[in-house]
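**Student:** So I've got this file, entry-v6.cif, and it contains mmCIF, C-alpha atoms:
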```
data_data
loop_
_atom_site.label_atom_id
_atom_site.label_comp_id
_atom_site.auth_asym_id
_atom_site.auth_seq_id
_atom_site.Cartn_x
_atom_site.Cartn_y
_atom_site.Cartn_z
CA MET A 1 -51.33 -3.54 -25.43
CA ILE A 2 -54.48 -2.86 -27.41
CA VAL A 3 -56.45 -5.76 -28.95
CA LYS A 4 -59.48 -5.40 -31.20
CA GLN A 5 -61.24 -8.58 -32.32
CA LEU A 6 -63.36 -8.31 -35.48
CA ILE A 7 -65.43 -10.94 -37.29
CA VAL A 8 -64.88 -10.41 -41.02
CA GLY A 9 -65.77 -12.06 -44.31
CA HIS A 10 -68.28 -14.88 -44.67
CA MET A 11 -66.46 -17.69 -42.84
CA ALA A 12 -66.54 -16.31 -39.28
CA VAL A 13 -62.86 -15.37 -39.44
CA PHE A 14 -61.50 -13.43 -36.50
CA CYS A 15 -59.31 -10.55 -37.65
CA TYR A 16 -57.26 -8.79 -34.99
CA LEU A 17 -55.77 -5.37 -34.55
CA ILE A 18 -52.88 -5.60 -32.09
CA ALA A 19 -51.24 -2.34 -31.10
CA CYS A 20 -48.74 -0.72 -28.77
CA GLU A 21 -50.66 1.54 -26.44
CA SER A 22 -47.93 4.17 -26.16
CA THR A 23 -46.81 4.47 -29.80
CA ARG A 24 -50.11 3.38 -31.49
CA ALA A 25 -48.11 1.17 -33.88
CA ALA A 26 -50.35 -1.73 -34.94
CA LEU A 27 -50.47 -4.90 -36.95
CA VAL A 28 -53.52 -6.51 -38.49
CA VAL A 29 -53.82 -10.29 -38.27
CA ASP A 30 -55.67 -12.13 -41.06
CA PRO A 31 -57.61 -9.46 -42.94
CA ALA A 32 -60.23 -11.72 -44.49
CA GLY A 33 -62.76 -9.25 -45.83
CA ASP A 34 -64.25 -5.90 -44.82
CA GLU A 35 -60.88 -4.22 -45.28
CA GLU A 36 -62.31 -0.70 -45.24
CA ARG A 37 -64.03 -1.44 -41.93
CA ILE A 38 -60.79 -2.78 -40.47
CA VAL A 39 -58.91 0.35 -41.51
CA SER A 40 -61.75 2.52 -40.20
CA GLU A 41 -61.56 0.79 -36.81
CA ALA A 42 -57.81 1.41 -36.73
CA ARG A 43 -58.22 5.08 -37.60
CA LYS A 44 -60.93 5.61 -34.99
CA ALA A 45 -58.50 4.29 -32.39
CA ASP A 46 -55.62 6.35 -33.82
CA LEU A 47 -53.68 3.21 -34.75
CA ASP A 48 -51.00 3.09 -37.44
CA ILE A 49 -50.99 -0.30 -39.21
CA ARG A 50 -47.35 -1.30 -39.74
CA TYR A 51 -47.75 -4.98 -40.70
CA ILE A 52 -50.30 -7.24 -42.39
CA PHE A 53 -49.69 -10.55 -40.62
CA ASN A 54 -51.06 -13.91 -41.76
CA SER A 55 -51.40 -16.79 -39.31
CA HIS A 56 -51.27 -19.09 -42.36
CA GLY A 57 -51.74 -19.03 -46.11
CA HIS A 58 -55.32 -20.22 -46.63
CA ALA A 59 -57.37 -17.85 -48.75
CA ASP A 60 -60.10 -17.36 -46.15
CA HIS A 61 -57.42 -15.64 -44.03
CA THR A 62 -55.40 -13.88 -46.75
CA CYS A 63 -58.07 -12.68 -49.19
CA GLY A 64 -57.87 -9.13 -47.83
CA ASN A 65 -54.09 -8.80 -48.14
CA LYS A 66 -54.13 -7.06 -51.51
CA ARG A 67 -56.70 -4.45 -50.55
CA MET A 68 -55.22 -3.93 -47.08
CA LYS A 69 -51.83 -3.30 -48.64
CA GLU A 70 -53.38 -0.76 -51.00
CA LEU A 71 -55.08 1.02 -48.10
CA THR A 72 -52.15 1.07 -45.68
CA GLY A 73 -48.92 0.46 -47.60
CA ALA A 74 -47.97 -2.07 -44.93
CA PRO A 75 -45.96 -5.18 -45.85
CA VAL A 76 -47.51 -8.65 -45.91
CA VAL A 77 -45.88 -11.04 -43.42
CA MET A 78 -46.15 -14.83 -43.75
CA HIS A 79 -44.11 -17.95 -43.12
CA ALA A 80 -42.02 -18.81 -46.18
CA ALA A 81 -43.48 -22.33 -46.44
CA ASP A 82 -47.02 -21.02 -46.83
CA ASP A 83 -45.93 -18.18 -49.09
CA ASP A 84 -44.36 -20.76 -51.40
CA LEU A 85 -47.33 -23.13 -51.23
CA PHE A 86 -50.16 -20.63 -51.65
CA ASN A 87 -48.87 -17.37 -53.15
CA ARG A 88 -46.09 -18.11 -55.64
CA GLY A 89 -46.13 -19.78 -59.03
CA LYS A 90 -49.43 -20.61 -60.72
CA ARG A 91 -51.64 -20.04 -57.70
CA GLY A 92 -54.95 -18.31 -57.20
CA VAL A 93 -57.27 -20.49 -59.34
CA PHE A 94 -58.96 -22.11 -56.32
CA GLU A 95 -59.25 -18.74 -54.58
CA ARG A 96 -60.98 -17.17 -57.57
CA ILE A 97 -63.38 -20.11 -57.92
CA MET A 98 -64.32 -19.68 -54.24
CA GLY A 99 -64.73 -15.95 -54.69
CA PHE A 100 -61.56 -14.99 -52.80
CA THR A 101 -59.02 -12.43 -53.98
CA PRO A 102 -55.58 -14.10 -54.15
CA SER A 103 -52.90 -12.65 -51.91
CA PRO A 104 -49.81 -11.04 -53.37
CA PRO A 105 -46.53 -12.74 -52.42
CA ALA A 106 -45.35 -11.93 -48.92
CA ASP A 107 -43.02 -8.97 -48.45
CA LEU A 108 -41.53 -10.39 -45.26
CA ARG A 109 -41.03 -14.17 -45.24
CA LEU A 110 -40.48 -15.76 -41.84
CA ASP A 111 -38.78 -19.06 -41.11
CA GLY A 112 -39.26 -20.75 -37.76
CA ASP A 113 -39.68 -18.95 -34.44
CA THR A 114 -38.75 -15.28 -34.40
CA THR A 115 -39.76 -11.93 -32.88
CA LEU A 116 -41.40 -8.81 -34.25
CA SER A 117 -41.02 -5.37 -32.69
CA LEU A 118 -44.15 -3.24 -32.68
CA GLY A 119 -43.57 0.04 -30.93
CA ASP A 120 -42.73 -0.94 -27.37
CA LEU A 121 -44.15 -4.44 -27.82
CA GLU A 122 -41.96 -7.45 -28.42
CA ILE A 123 -44.07 -10.10 -30.14
CA GLN A 124 -43.00 -13.73 -30.14
CA VAL A 125 -43.81 -15.51 -33.39
CA LEU A 126 -44.21 -19.27 -32.90
CA HIS A 127 -44.03 -21.66 -35.84
CA THR A 128 -46.92 -24.07 -35.30
CA PRO A 129 -47.28 -26.21 -38.44
CA GLY A 130 -49.93 -28.86 -38.96
CA HIS A 131 -52.97 -27.13 -40.40
CA THR A 132 -50.52 -25.77 -42.98
CA PRO A 133 -46.72 -26.12 -43.19
CA GLY A 134 -46.23 -22.49 -42.25
CA GLY A 135 -48.78 -21.97 -39.50
CA LEU A 136 -47.86 -19.22 -37.04
CA CYS A 137 -49.08 -18.06 -33.64
CA LEU A 138 -48.34 -14.74 -31.95
CA LEU A 139 -47.58 -14.53 -28.24
CA VAL A 140 -47.51 -11.14 -26.59
CA GLU A 141 -48.15 -10.03 -23.02
CA GLY A 142 -50.02 -13.17 -22.03
CA SER A 143 -52.17 -13.29 -25.16
CA LEU A 144 -51.85 -16.02 -27.79
CA PHE A 145 -53.25 -15.44 -31.29
CA THR A 146 -53.60 -18.94 -32.68
CA GLY A 147 -55.01 -18.70 -36.22
CA ASP A 148 -56.29 -22.15 -37.20
CA THR A 149 -53.83 -24.06 -35.02
CA LEU A 150 -56.09 -23.86 -31.97
CA PHE A 151 -59.77 -22.99 -31.75
CA VAL A 152 -61.95 -22.76 -28.68
CA GLY A 153 -62.54 -26.44 -28.02
CA SER A 154 -60.91 -27.81 -31.15
CA GLY A 155 -58.32 -27.12 -33.85
CA GLY A 156 -57.95 -26.67 -37.59
CA ARG A 157 -58.47 -29.32 -40.25
CA THR A 158 -55.66 -31.63 -41.27
CA ASP A 159 -57.16 -33.12 -44.45
CA LEU A 160 -56.07 -30.32 -46.76
CA PRO A 161 -52.93 -30.06 -48.96
CA GLY A 162 -49.84 -29.53 -46.84
CA ALA A 163 -51.59 -30.50 -43.61
CA SER A 164 -50.45 -33.16 -41.14
CA LEU A 165 -52.32 -34.47 -38.10
CA PRO A 166 -49.19 -35.68 -36.23
CA THR A 167 -47.52 -32.32 -36.83
CA MET A 168 -50.64 -30.47 -35.71
CA LEU A 169 -50.80 -32.48 -32.50
CA GLU A 170 -47.17 -31.60 -31.73
CA SER A 171 -47.95 -27.91 -32.26
CA ILE A 172 -51.02 -28.01 -30.02
CA LYS A 173 -49.05 -29.92 -27.38
CA ARG A 174 -46.43 -27.19 -27.49
CA LEU A 175 -49.09 -24.52 -26.90
CA MET A 176 -50.43 -26.47 -23.93
CA SER A 177 -47.07 -25.93 -22.20
CA LEU A 178 -47.76 -22.19 -21.94
CA PRO A 179 -49.04 -20.74 -18.65
CA GLU A 180 -52.66 -21.70 -18.01
CA GLU A 181 -53.74 -18.07 -17.72
CA THR A 182 -52.59 -17.34 -21.30
CA VAL A 183 -55.56 -15.94 -23.22
CA VAL A 184 -56.36 -17.75 -26.47
CA TRP A 185 -57.58 -15.63 -29.38
CA PRO A 186 -58.60 -18.08 -32.16
CA GLY A 187 -58.76 -17.65 -35.93
CA HIS A 188 -62.48 -18.43 -36.26
CA HIS A 189 -65.56 -17.98 -34.12
CA TYR A 190 -66.29 -21.72 -34.01
CA GLY A 191 -66.44 -22.22 -30.25
CA ASP A 192 -68.94 -21.37 -27.53
CA THR A 193 -66.98 -18.23 -26.62
CA PRO A 194 -64.84 -15.84 -28.68
CA THR A 195 -61.77 -16.39 -26.47
CA SER A 196 -60.46 -19.02 -24.09
CA THR A 197 -57.41 -19.76 -21.96
CA ILE A 198 -54.76 -22.44 -22.15
CA GLY A 199 -56.04 -23.76 -18.82
CA ARG A 200 -59.55 -24.15 -20.20
CA GLU A 201 -58.30 -25.80 -23.40
CA LYS A 202 -56.34 -28.34 -21.39
CA LYS A 203 -59.64 -29.48 -19.87
CA THR A 204 -62.04 -29.14 -22.80
CA ASN A 205 -60.25 -29.17 -26.17
CA VAL A 206 -61.18 -32.25 -28.20
CA TYR A 207 -57.68 -32.57 -29.67
CA VAL A 208 -56.07 -32.44 -26.23
CA ILE A 209 -58.49 -34.96 -24.74
CA GLU A 210 -58.79 -37.47 -27.59
CA PHE A 211 -55.05 -37.64 -28.26
CA ASP A 212 -53.90 -37.43 -24.63
CA LEU A 213 -51.68 -34.46 -25.36
CA LEU A 214 -51.06 -33.78 -21.68
CA GLU A 215 -49.61 -37.23 -21.14
CA ALA A 216 -45.83 -37.46 -20.73
#
```
Render the structure in this file as structure tokens.
**Tutor:**
Amino acid sequence: MIVKQLIVGHMAVFCYLIACESTRAALVVDPAGDEERIVSEARKADLDIRYIFNSHGHADHTCGNKRMKELTGAPVVMHAADDDLFNRGKRGVFERIMGFTPSPPADLRLDGDTTLSLGDLEIQVLHTPGHTPGGLCLLVEGSLFTGDTLFVGSGGRTDLPGASLPTMLESIKRLMSLPEETVVWPGHHYGDTPTSTIGREKKTNVYVIEFDLLEA
């Protein structure tokens, strides 16, 4: 597996290129600005972007969807709950006020846990609501791409429309059941390091500690 971690936009968003080493098939996670640079990085590595994947529907993670789709022709993938909440109907006013480009509706709407095939990679998609109703994480070959469900040392906000602290805690608790060596790739560069592990988060994450998420 190939992983490229890029800081994009103006909110320290981590965008990821995940690719199959043998076939060079790739997906881009959360294009949140600098779309031409993302595509350039993919081309330099001879990667073919097959999916535009959103960890959730907030505009700071989806504002590059429209341009990325124009550049690659790849479909936008999102959980149906977030696609309904953020992309369909009379949406986009807040995004424009904040200077974000609204995302087009998702081309592939997911519902619950599922899998995505990417070349020879089999990617597990985990539904981890809480920060948003349709939050998603990707688990592949011992790497966990967590969006705003889990940061290094903390987790996403739960005071926004559609968010729920109890639901978020259940999602984080679920992630803590993964092997301790699982590498955590967060959705923002808000921690003291750009990556972590589940083992480290069990010991240091404020959500885990303050809410006793490791207790039976």
**Student:** Which residues would end up in the selection if the PyMOL selection byres ((chain A and resi 34) around 10) were applied here, given that I need the answer as a PDB file with C-alpha atoms, in the coordinates of the input?
**Tutor:**
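That gives us result.pdb:
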```pdb
ATOM      1  CA  LEU A   6     -63.360  -8.310 -35.480  1.00  0.00           C
ATOM      2  CA  ILE A   7     -65.430 -10.940 -37.290  1.00  0.00           C
ATOM      3  CA  VAL A   8     -64.880 -10.410 -41.020  1.00  0.00           C
ATOM      4  CA  GLY A   9     -65.770 -12.060 -44.310  1.00  0.00           C
ATOM      5  CA  HIS A  10     -68.280 -14.880 -44.670  1.00  0.00           C
ATOM      6  CA  CYS A  15     -59.310 -10.550 -37.650  1.00  0.00           C
ATOM      7  CA  PRO A  31     -57.610  -9.460 -42.940  1.00  0.00           C
ATOM      8  CA  ALA A  32     -60.230 -11.720 -44.490  1.00  0.00           C
ATOM      9  CA  GLY A  33     -62.760  -9.250 -45.830  1.00  0.00           C
ATOM     10  CA  GLU A  35     -60.880  -4.220 -45.280  1.00  0.00           C
ATOM     11  CA  GLU A  36     -62.310  -0.700 -45.240  1.00  0.00           C
ATOM     12  CA  ARG A  37     -64.030  -1.440 -41.930  1.00  0.00           C
ATOM     13  CA  ILE A  38     -60.790  -2.780 -40.470  1.00  0.00           C
ATOM     14  CA  VAL A  39     -58.910   0.350 -41.510  1.00  0.00           C
ATOM     15  CA  SER A  40     -61.750   2.520 -40.200  1.00  0.00           C
ATOM     16  CA  GLY A  64     -57.870  -9.130 -47.830  1.00  0.00           C
ATOM     17  CA  ARG A  67     -56.700  -4.450 -50.550  1.00  0.00           C
ATOM     18  CA  MET A  68     -55.220  -3.930 -47.080  1.00  0.00           C
TER      19      MET A  68
END
```
**Student:** Any idea what the distance is between atom CA of A:Ala59 and atom CA of A:Asp107?
**Tutor:**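 Taking atom CA of A:Ala59 as the start and atom CA of A:Asp107 as the end point, the length is 16.9 Å.
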**Student:** Quick one: apply the PyMOL selection byres ((chain A and resi 76) around 7) to the file and drop the selected residues here as number ranges by chain.
**Tutor:** A: 51-53, 65, 74-75, 77-78, 106-108
**Student:** Selected residues, C-alpha atoms, written as a compact mmCIF listing (two decimals), in the coordinates of the input, please.
**Tutor:**
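What follows is the written file out-v1.txt:
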```
# COMPACT_ATOMS: atom_id res chain seq x y z
CA TYR A 51 -47.75 -4.98 -40.70
CA ILE A 52 -50.30 -7.24 -42.39
CA PHE A 53 -49.69 -10.55 -40.62
CA ASN A 65 -54.09 -8.80 -48.14
CA ALA A 74 -47.97 -2.07 -44.93
CA PRO A 75 -45.96 -5.18 -45.85
CA VAL A 77 -45.88 -11.04 -43.42
CA MET A 78 -46.15 -14.83 -43.75
CA ALA A 106 -45.35 -11.93 -48.92
CA ASP A 107 -43.02 -8.97 -48.45
CA LEU A 108 -41.53 -10.39 -45.26
```
**Student:** Apply the PyMOL selection byres ((chain A and resi 26) around 10) to the displayed file and report the matching residues as a ChimeraX atom specification.
**Tutor:** /A:1-3,16-21,23-25,27-29,42,46-52,118-119,121
**Student:** For the residues in that selection, give me C-alpha atoms as a PDB file, in the frame of the given file.
**Tutor:**
```
ATOM      1  CA  MET A   1     -51.330  -3.540 -25.430  1.00  0.00           C
ATOM      2  CA  ILE A   2     -54.480  -2.860 -27.410  1.00  0.00           C
ATOM      3  CA  VAL A   3     -56.450  -5.760 -28.950  1.00  0.00           C
ATOM      4  CA  TYR A  16     -57.260  -8.790 -34.990  1.00  0.00           C
ATOM      5  CA  LEU A  17     -55.770  -5.370 -34.550  1.00  0.00           C
ATOM      6  CA  ILE A  18     -52.880  -5.600 -32.090  1.00  0.00           C
ATOM      7  CA  ALA A  19     -51.240  -2.340 -31.100  1.00  0.00           C
ATOM      8  CA  CYS A  20     -48.740  -0.720 -28.770  1.00  0.00           C
ATOM      9  CA  GLU A  21     -50.660   1.540 -26.440  1.00  0.00           C
ATOM     10  CA  THR A  23     -46.810   4.470 -29.800  1.00  0.00           C
ATOM     11  CA  ARG A  24     -50.110   3.380 -31.490  1.00  0.00           C
ATOM     12  CA  ALA A  25     -48.110   1.170 -33.880  1.00  0.00           C
ATOM     13  CA  LEU A  27     -50.470  -4.900 -36.950  1.00  0.00           C
ATOM     14  CA  VAL A  28     -53.520  -6.510 -38.490  1.00  0.00           C
ATOM     15  CA  VAL A  29     -53.820 -10.290 -38.270  1.00  0.00           C
ATOM     16  CA  ALA A  42     -57.810   1.410 -36.730  1.00  0.00           C
ATOM     17  CA  ASP A  46     -55.620   6.350 -33.820  1.00  0.00           C
ATOM     18  CA  LEU A  47     -53.680   3.210 -34.750  1.00  0.00           C
ATOM     19  CA  ASP A  48     -51.000   3.090 -37.440  1.00  0.00           C
ATOM     20  CA  ILE A  49     -50.990  -0.300 -39.210  1.00  0.00           C
ATOM     21  CA  ARG A  50     -47.350  -1.300 -39.740  1.00  0.00           C
ATOM     22  CA  TYR A  51     -47.750  -4.980 -40.700  1.00  0.00           C
ATOM     23  CA  ILE A  52     -50.300  -7.240 -42.390  1.00  0.00           C
ATOM     24  CA  LEU A 118     -44.150  -3.240 -32.680  1.00  0.00           C
ATOM     25  CA  GLY A 119     -43.570   0.040 -30.930  1.00  0.00           C
ATOM     26  CA  LEU A 121     -44.150  -4.440 -27.820  1.00  0.00           C
TER      27      LEU A 121
END
```
**Student:** Using all atoms listed in the file, which residues sit within 8 Å of A:Gly142 once same-chain residues fewer than 4 positions away are excluded, as a list in words?
**Tutor:**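 What passes the distance filter is Glu181, Thr182 and Val183 of chain A.
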**Student:** Using all atoms listed in the file, determine which residues lie at most 12 Å from A:Asp60, disregarding the query and same-chain residues fewer than 6 positions distant; provide the list as a ChimeraX atom specification.
**Tutor:** /A:8-15,30-33,54,86,94-96,98-103,147-148,187-188
**Student:** Suppose you want the space between atom CA of A:Glu70 and atom CA of A:Asp113; what is it in Å?
**Tutor:**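 Separation between atom CA of A:Glu70 and atom CA of A:Asp113: 28.2 Å.
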**Student:** Tell me, in Å to one decimal, how far atom CA of A:Gly199 is from atom CA of A:Gly162.
**Tutor:**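 A separation of 29.3 Å between them.
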**Student:** Measuring atom to atom with all atoms listed in the file, identify which of A:Lys4, A:Arg200, A:His131, A:His189 is nearest to A:His56.
**Tutor:**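 The closest residue to A:His56 is A:His131.
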**Student:** Name all residues at most 12 Å from A:Lys203 (count all atoms listed in the file; drop same-chain ones fewer than 6 positions away) and give them as a PyMOL selection string.
**Tutor:** chain A and resi 152-154+176+180+196-197+209-210+212-214
**Student:** Point out the residue among A:Leu110, A:Leu150, A:Val125, A:Leu138 with the least atom-to-atom distance to A:Ser171, counting only C-alpha atoms.
**Tutor:**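 Among A:Leu110, A:Leu150, A:Val125, A:Leu138, it is A:Leu150 that comes nearest to A:Ser171.
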**Student:** Tell me which of A:Cys63, A:Ile198, A:Val206, A:Leu165 sits closest to A:Pro133, counting all atoms listed in the file.
**Tutor:**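 Smallest distance to A:Pro133 is found for A:Leu165.
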**Student:** So, counting only C-alpha atoms, which residue among A:Gly191, A:Pro186, A:Pro179, A:Pro105 is closest to A:Thr204?
**Tutor:**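 Result for the nearest residue to A:Thr204: A:Gly191.
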**Student:** Between A:Leu160, A:Val140, A:Leu178, A:Met168, which residue has the minimum interatomic distance to A:His127, considering all atoms listed in the file?
**Tutor:** A:Met168
